Amino acid sequence: MTHEIAVIPGDGIGQEVTPAAVDVLEAIETVDFDFVEADAGDAVKAETGEALPQETRDIAADADATLFGAAGETAADVILPLREVVGSFANVRPARSYPGLDAVQPDTDIVFIRENTEGVYAGIESEITDGVRTLTRVITEDASEKIAEFGFDYAKQNDYDDVTIAHKANVMRETDGLFLDAASAVGDSRGADYDTALMDALAMHLVMTPEEYDVIICPNLAGDVLSDLAAGLVGGLGLLPSANVGEENALFEPVHGSAPDIAGEGIANPSAMVLSAAMLLDHLGYDEEGDRVRAAVESVLESGPKTPDLGGEAGTEDVTAAIVDEL
Ligand code: NAI
Ligand code: MG
């Protein structure tokens, strides 16, 4: 069986790290892929006026899964609709520290399960008068339940013991009150052991004692911010993959952006993108192959060439070649 994969490199280092993921997937002999490349981002907008052309939407909608690099200034115009195209409601962001890296917190293994469709990213903002603007935060019981079910399932399937529900229901009483109640009800109905945590205090605990957390279920913005914070604990954005999971379709992308400060230099760390490809393998049912890719990345991080963000001098292509060799 051949799997059709939409490949959308995007802008900046997206153009440099996406080929690394394709190289790695091509090196897996047990799975056949057909890669269909499509444009999105600042460059295609400058050319055509559209950051996410209809053709790209169609390719992503028809594919079995999508690999996305990163977009630049147009990121919101690309990734938010793309997540919609694949029907994704859950953003899965694992943050792990690896042996051999000089991480702030070397004992971190946390998976953020971020609600992906609403909250403050629902896109409802207004200018009331000159100098006054508002934003509407949307929380629904359905979406809160759905993300909690996904999070508790994820913890069980991946052998994580601790589930934490992040919220700020003491202040956002209606919206996060609903999120907390709905997510807690899911945990209760399963007889699951879980904790709840105020997201601001949680940020502090994550910095000081990340080893106490496994799976963290979050509203949209909290998941975005806390997972980037965790990236800082484990060695930077070059290491964090993510999956945007829907009922049937899914999109895989590194957590990082287009990194204009290093774009074009050939020194971007491909690990986040390659680990995103490993999540794509899991999603298609090739868990063993996904594990092989993770092991290869881990081995190269421990003793192979490193890009400058990890203190090395190697380029994207050297690291990618080392990962493929390891496979
Ligand atoms: P960024 O993630 O692009 O970069 C933040 C810092 O991390 C930079 O110093 C960068 O060099 C470093 N970095 C990121 N990925 C790296 C990698 N693979 N290897 C080595 N170093 C890496 O975030 P920033 O600077 O906030 O945004 C830059 C542009 O990216 C903006 O235009 C923003 O809109 C866009 N962006 C796009 C996203 C997406 O497409 N999903 C997500 C986040 C930002
Ligand atoms: Mg972000």
# chains A, B, ... in the order shown; residues from 1 in each chain; ligands from 1

call {"tool": "residues_near_ligand", "arguments": {"ligand": "ligand 1", "cutoff": "9 Å", "atoms": "only C-alpha atoms and all ligand atoms", "output": "ChimeraX atom specification"}}
result
/A:10-14,17,41-42,68-76,78-80,236-240,253-263,267-273,307-310,316

call {"tool": "select_by_dssp", "arguments": {"residues": "stretch 151-279 of chain A", "states": "strand (DSSP E)", "output": "number ranges by chain"}}
result
A: 163-167, 194-198, 215-218, 241-246, 250-254

call {"tool": "atom_distance", "arguments": {"atom1": "atom CA of A:Ala148", "atom2": "atom CA of A:Leu284"}}
result
22.1 Å

call {"tool": "atom_distance", "arguments": {"atom1": "atom CA of A:Ala278", "atom2": "atom CA of A:Val234"}}
result
18.5 Å

call {"tool": "residues_around", "arguments": {"residues": "A:Arg190", "least_positions_apart": "4", "cutoff": "10 Å", "atoms": "only C-alpha atoms", "output": "compact mmCIF listing (two decimals) with N, CA, C and O atoms, in the first residue's frame"}}
result
# COMPACT_ATOMS: atom_id res chain seq x y z
N GLU A 149 -10.81 13.50 26.17
CA GLU A 149 -10.85 12.08 25.81
C GLU A 149 -9.59 11.68 25.06
O GLU A 149 -8.98 10.65 25.33
N PHE A 152 -6.63 11.58 27.66
CA PHE A 152 -6.63 10.39 28.53
C PHE A 152 -6.32 9.12 27.73
O PHE A 152 -5.59 8.24 28.21
N SER A 184 -12.50 17.34 33.52
CA SER A 184 -12.50 16.55 34.76
C SER A 184 -13.55 15.45 34.69
O SER A 184 -13.33 14.32 35.17
N ALA A 185 -14.72 15.78 34.09
CA ALA A 185 -15.79 14.77 33.99
C ALA A 185 -15.32 13.58 33.16
O ALA A 185 -15.67 12.43 33.47
N VAL A 186 -14.51 13.84 32.13
CA VAL A 186 -13.99 12.74 31.32
C VAL A 186 -13.08 11.86 32.17
O VAL A 186 -13.18 10.63 32.17

call {"tool": "atom_distance", "arguments": {"atom1": "atom CA of A:Leu233", "atom2": "atom CA of A:Leu101"}}
result
11.1 Å

call {"tool": "closest_residue", "arguments": {"among": "A:Ala155, A:Leu25, A:Ala63, A:Val225", "to": "ligand 2", "atoms": "only C-alpha atoms and all ligand atoms"}}
result
A:Val225

call {"tool": "closest_residue", "arguments": {"among": "A:Pro9, A:Gly290, A:Gly223, A:Pro94", "to": "ligand 2", "atoms": "only C-alpha atoms and all ligand atoms"}}
result
A:Gly223

call {"tool": "residues_around", "arguments": {"residues": "A:Thr117", "least_positions_apart": "2", "cutoff": "7 Å", "atoms": "only C-alpha atoms", "output": "ChimeraX atom specification"}}
result
/A:89,115,122

call {"tool": "closest_residue", "arguments": {"among": "A:Ala103, A:Leu229, A:Val297, A:Ala192", "to": "ligand 2", "atoms": "only C-alpha atoms and all ligand atoms"}}
result
A:Leu229

call {"tool": "residues_around", "arguments": {"residues": "stretch 48-59 of chain A", "least_positions_apart": "2", "cutoff": "8 Å", "atoms": "only C-alpha atoms", "output": "JSON, numbers by chain"}}
result
{"A": [6, 36, 38, 39, 40, 41, 42, 43, 44, 45, 46, 61, 62, 63, 74, 77, 78, 82, 85]}

call {"tool": "write_last_selection", "arguments": {"atoms": "N, CA and C atoms", "output": "tab-separated table (two decimals), in the first residue's frame"}}
result
chain	number	residue	atom	x	y	z
A	6	ALA	N	1.14	14.79	1.52
A	6	ALA	CA	1.29	16.17	1.08
A	6	ALA	C	2.50	16.76	1.78
A	36	VAL	N	3.62	14.45	-2.53
A	36	VAL	CA	3.09	15.48	-3.44
A	36	VAL	C	3.40	16.84	-2.83
A	38	ALA	N	3.52	20.91	-2.26
A	38	ALA	CA	2.60	22.04	-2.46
A	38	ALA	C	3.16	23.28	-1.76
A	39	ASP	N	2.72	24.46	-2.24
A	39	ASP	CA	3.24	25.73	-1.71
A	39	ASP	C	2.33	26.34	-0.66
A	40	ALA	N	2.94	27.01	0.31
A	40	ALA	CA	2.18	27.83	1.25
A	40	ALA	C	3.17	28.79	1.90
A	41	GLY	N	2.65	29.95	2.33
A	41	GLY	CA	3.50	30.85	3.09
A	41	GLY	C	3.75	32.19	2.43
A	42	ASP	N	4.76	32.90	2.95
A	42	ASP	CA	5.06	34.27	2.50
A	42	ASP	C	5.42	34.31	1.02
A	43	ALA	N	6.25	33.36	0.59
A	43	ALA	CA	6.76	33.42	-0.79
A	43	ALA	C	5.64	33.25	-1.79
A	44	VAL	N	4.77	32.28	-1.57
A	44	VAL	CA	3.69	32.07	-2.54
A	44	VAL	C	2.67	33.20	-2.45
A	45	LYS	N	2.56	33.82	-1.27
A	45	LYS	CA	1.65	34.98	-1.15
A	45	LYS	C	2.18	36.16	-1.97
A	46	ALA	N	3.49	36.37	-1.88
A	46	ALA	CA	4.10	37.46	-2.65
A	46	ALA	C	3.87	37.26	-4.15
A	61	ALA	N	-6.10	18.00	1.77
A	61	ALA	CA	-7.36	17.32	2.09
A	61	ALA	C	-7.39	15.90	1.53
A	62	ASP	N	-6.79	15.72	0.35
A	62	ASP	CA	-6.84	14.41	-0.32
A	62	ASP	C	-5.76	13.43	0.18
A	63	ALA	N	-4.70	13.97	0.78
A	63	ALA	CA	-3.57	13.12	1.17
A	63	ALA	C	-3.92	12.28	2.39
A	74	THR	N	3.07	34.95	7.42
A	74	THR	CA	1.72	34.47	7.09
A	74	THR	C	1.34	33.21	7.87
A	77	ASP	N	-2.21	32.60	8.66
A	77	ASP	CA	-3.05	32.41	7.47
A	77	ASP	C	-2.83	31.04	6.83
A	78	VAL	N	-1.77	30.40	7.22
A	78	VAL	CA	-1.47	29.08	6.65
A	78	VAL	C	-1.89	27.96	7.60
A	82	LEU	N	-5.01	25.29	7.53
A	82	LEU	CA	-4.53	23.93	7.21
A	82	LEU	C	-5.01	22.93	8.26
A	85	VAL	N	-8.42	22.17	7.39
A	85	VAL	CA	-8.52	21.31	6.22
A	85	VAL	C	-8.39	19.84	6.62

call {"tool": "decode", "arguments": {"residues": "stretch 59-73 of chain A", "atoms": "all heavy atoms", "output": "short mmCIF file (atom, residue, chain, number, x, y, z; two decimals), in the first residue's frame"}}
result
data_model
loop_
_atom_site.label_atom_id
_atom_site.label_comp_id
_atom_site.auth_asym_id
_atom_site.auth_seq_id
_atom_site.Cartn_x
_atom_site.Cartn_y
_atom_site.Cartn_z
N ILE A 59 -4.71 19.39 -2.00
CA ILE A 59 -3.69 18.34 -1.88
C ILE A 59 -3.65 17.81 -0.44
O ILE A 59 -3.63 16.60 -0.19
CB ILE A 59 -2.30 18.86 -2.34
CG1 ILE A 59 -2.31 19.06 -3.86
CG2 ILE A 59 -1.18 17.92 -1.92
CD1 ILE A 59 -1.06 19.73 -4.42
N ALA A 60 -3.70 18.74 0.53
CA ALA A 60 -3.68 18.32 1.94
C ALA A 60 -4.95 17.55 2.30
O ALA A 60 -4.91 16.56 3.04
CB ALA A 60 -3.52 19.54 2.86
N ALA A 61 -6.10 18.00 1.77
CA ALA A 61 -7.36 17.32 2.09
C ALA A 61 -7.39 15.90 1.53
O ALA A 61 -7.93 14.99 2.16
CB ALA A 61 -8.54 18.13 1.55
N ASP A 62 -6.79 15.72 0.35
CA ASP A 62 -6.84 14.41 -0.32
C ASP A 62 -5.76 13.43 0.18
O ASP A 62 -5.90 12.22 -0.01
CB ASP A 62 -6.66 14.58 -1.84
CG ASP A 62 -7.86 15.29 -2.46
OD1 ASP A 62 -8.90 15.34 -1.77
OD2 ASP A 62 -7.73 15.80 -3.58
N ALA A 63 -4.70 13.97 0.78
CA ALA A 63 -3.57 13.12 1.17
C ALA A 63 -3.92 12.28 2.39
O ALA A 63 -4.88 12.55 3.11
CB ALA A 63 -2.36 13.99 1.48
N ASP A 64 -3.13 11.22 2.62
CA ASP A 64 -3.32 10.41 3.83
C ASP A 64 -2.79 11.14 5.05
O ASP A 64 -3.23 10.89 6.18
CB ASP A 64 -2.58 9.08 3.67
CG ASP A 64 -3.19 8.26 2.54
OD1 ASP A 64 -4.43 8.25 2.44
OD2 ASP A 64 -2.44 7.66 1.76
N ALA A 65 -1.83 12.04 4.83
CA ALA A 65 -1.28 12.87 5.91
C ALA A 65 -0.47 13.98 5.26
O ALA A 65 -0.07 13.87 4.11
CB ALA A 65 -0.40 12.04 6.85
N THR A 66 -0.21 15.03 6.04
CA THR A 66 0.55 16.17 5.52
C THR A 66 1.76 16.44 6.40
O THR A 66 1.69 16.34 7.63
CB THR A 66 -0.35 17.43 5.49
OG1 THR A 66 -1.42 17.22 4.56
CG2 THR A 66 0.42 18.67 5.07
N LEU A 67 2.88 16.76 5.73
CA LEU A 67 4.07 17.25 6.42
C LEU A 67 4.19 18.73 6.11
O LEU A 67 4.21 19.12 4.93
CB LEU A 67 5.33 16.57 5.86
CG LEU A 67 5.76 15.22 6.37
CD1 LEU A 67 6.99 14.78 5.57
CD2 LEU A 67 6.10 15.28 7.86
N PHE A 68 4.27 19.56 7.13
CA PHE A 68 4.38 21.00 6.93
C PHE A 68 5.64 21.50 7.61
O PHE A 68 5.90 21.16 8.77
CB PHE A 68 3.12 21.69 7.49
CG PHE A 68 3.20 23.18 7.51
CD1 PHE A 68 3.39 23.91 6.35
CD2 PHE A 68 3.08 23.88 8.71
CE1 PHE A 68 3.47 25.30 6.37
CE2 PHE A 68 3.15 25.27 8.73
CZ PHE A 68 3.34 25.97 7.57
N GLY A 69 6.43 22.32 6.90
CA GLY A 69 7.67 22.86 7.48
C GLY A 69 7.34 24.02 8.41
O GLY A 69 7.11 23.85 9.60
N ALA A 70 7.27 25.22 7.84
CA ALA A 70 6.91 26.42 8.61
C ALA A 70 6.60 27.53 7.64
O ALA A 70 7.12 27.54 6.52
CB ALA A 70 8.05 26.85 9.53
N ALA A 71 5.78 28.47 8.08
CA ALA A 71 5.56 29.68 7.29
C ALA A 71 6.15 30.85 8.07
O ALA A 71 6.48 30.71 9.25
CB ALA A 71 4.07 29.88 7.05
N GLY A 72 6.30 32.00 7.42
CA GLY A 72 6.87 33.17 8.09
C GLY A 72 5.77 34.04 8.65
O GLY A 72 4.97 33.61 9.47
N GLU A 73 5.70 35.29 8.17
CA GLU A 73 4.69 36.24 8.67
C GLU A 73 3.26 35.76 8.44
O GLU A 73 2.34 36.16 9.14
CB GLU A 73 4.90 37.61 7.98
CG GLU A 73 6.18 38.31 8.40
CD GLU A 73 6.36 38.36 9.90
OE1 GLU A 73 5.39 38.72 10.60
OE2 GLU A 73 7.46 37.99 10.39
#
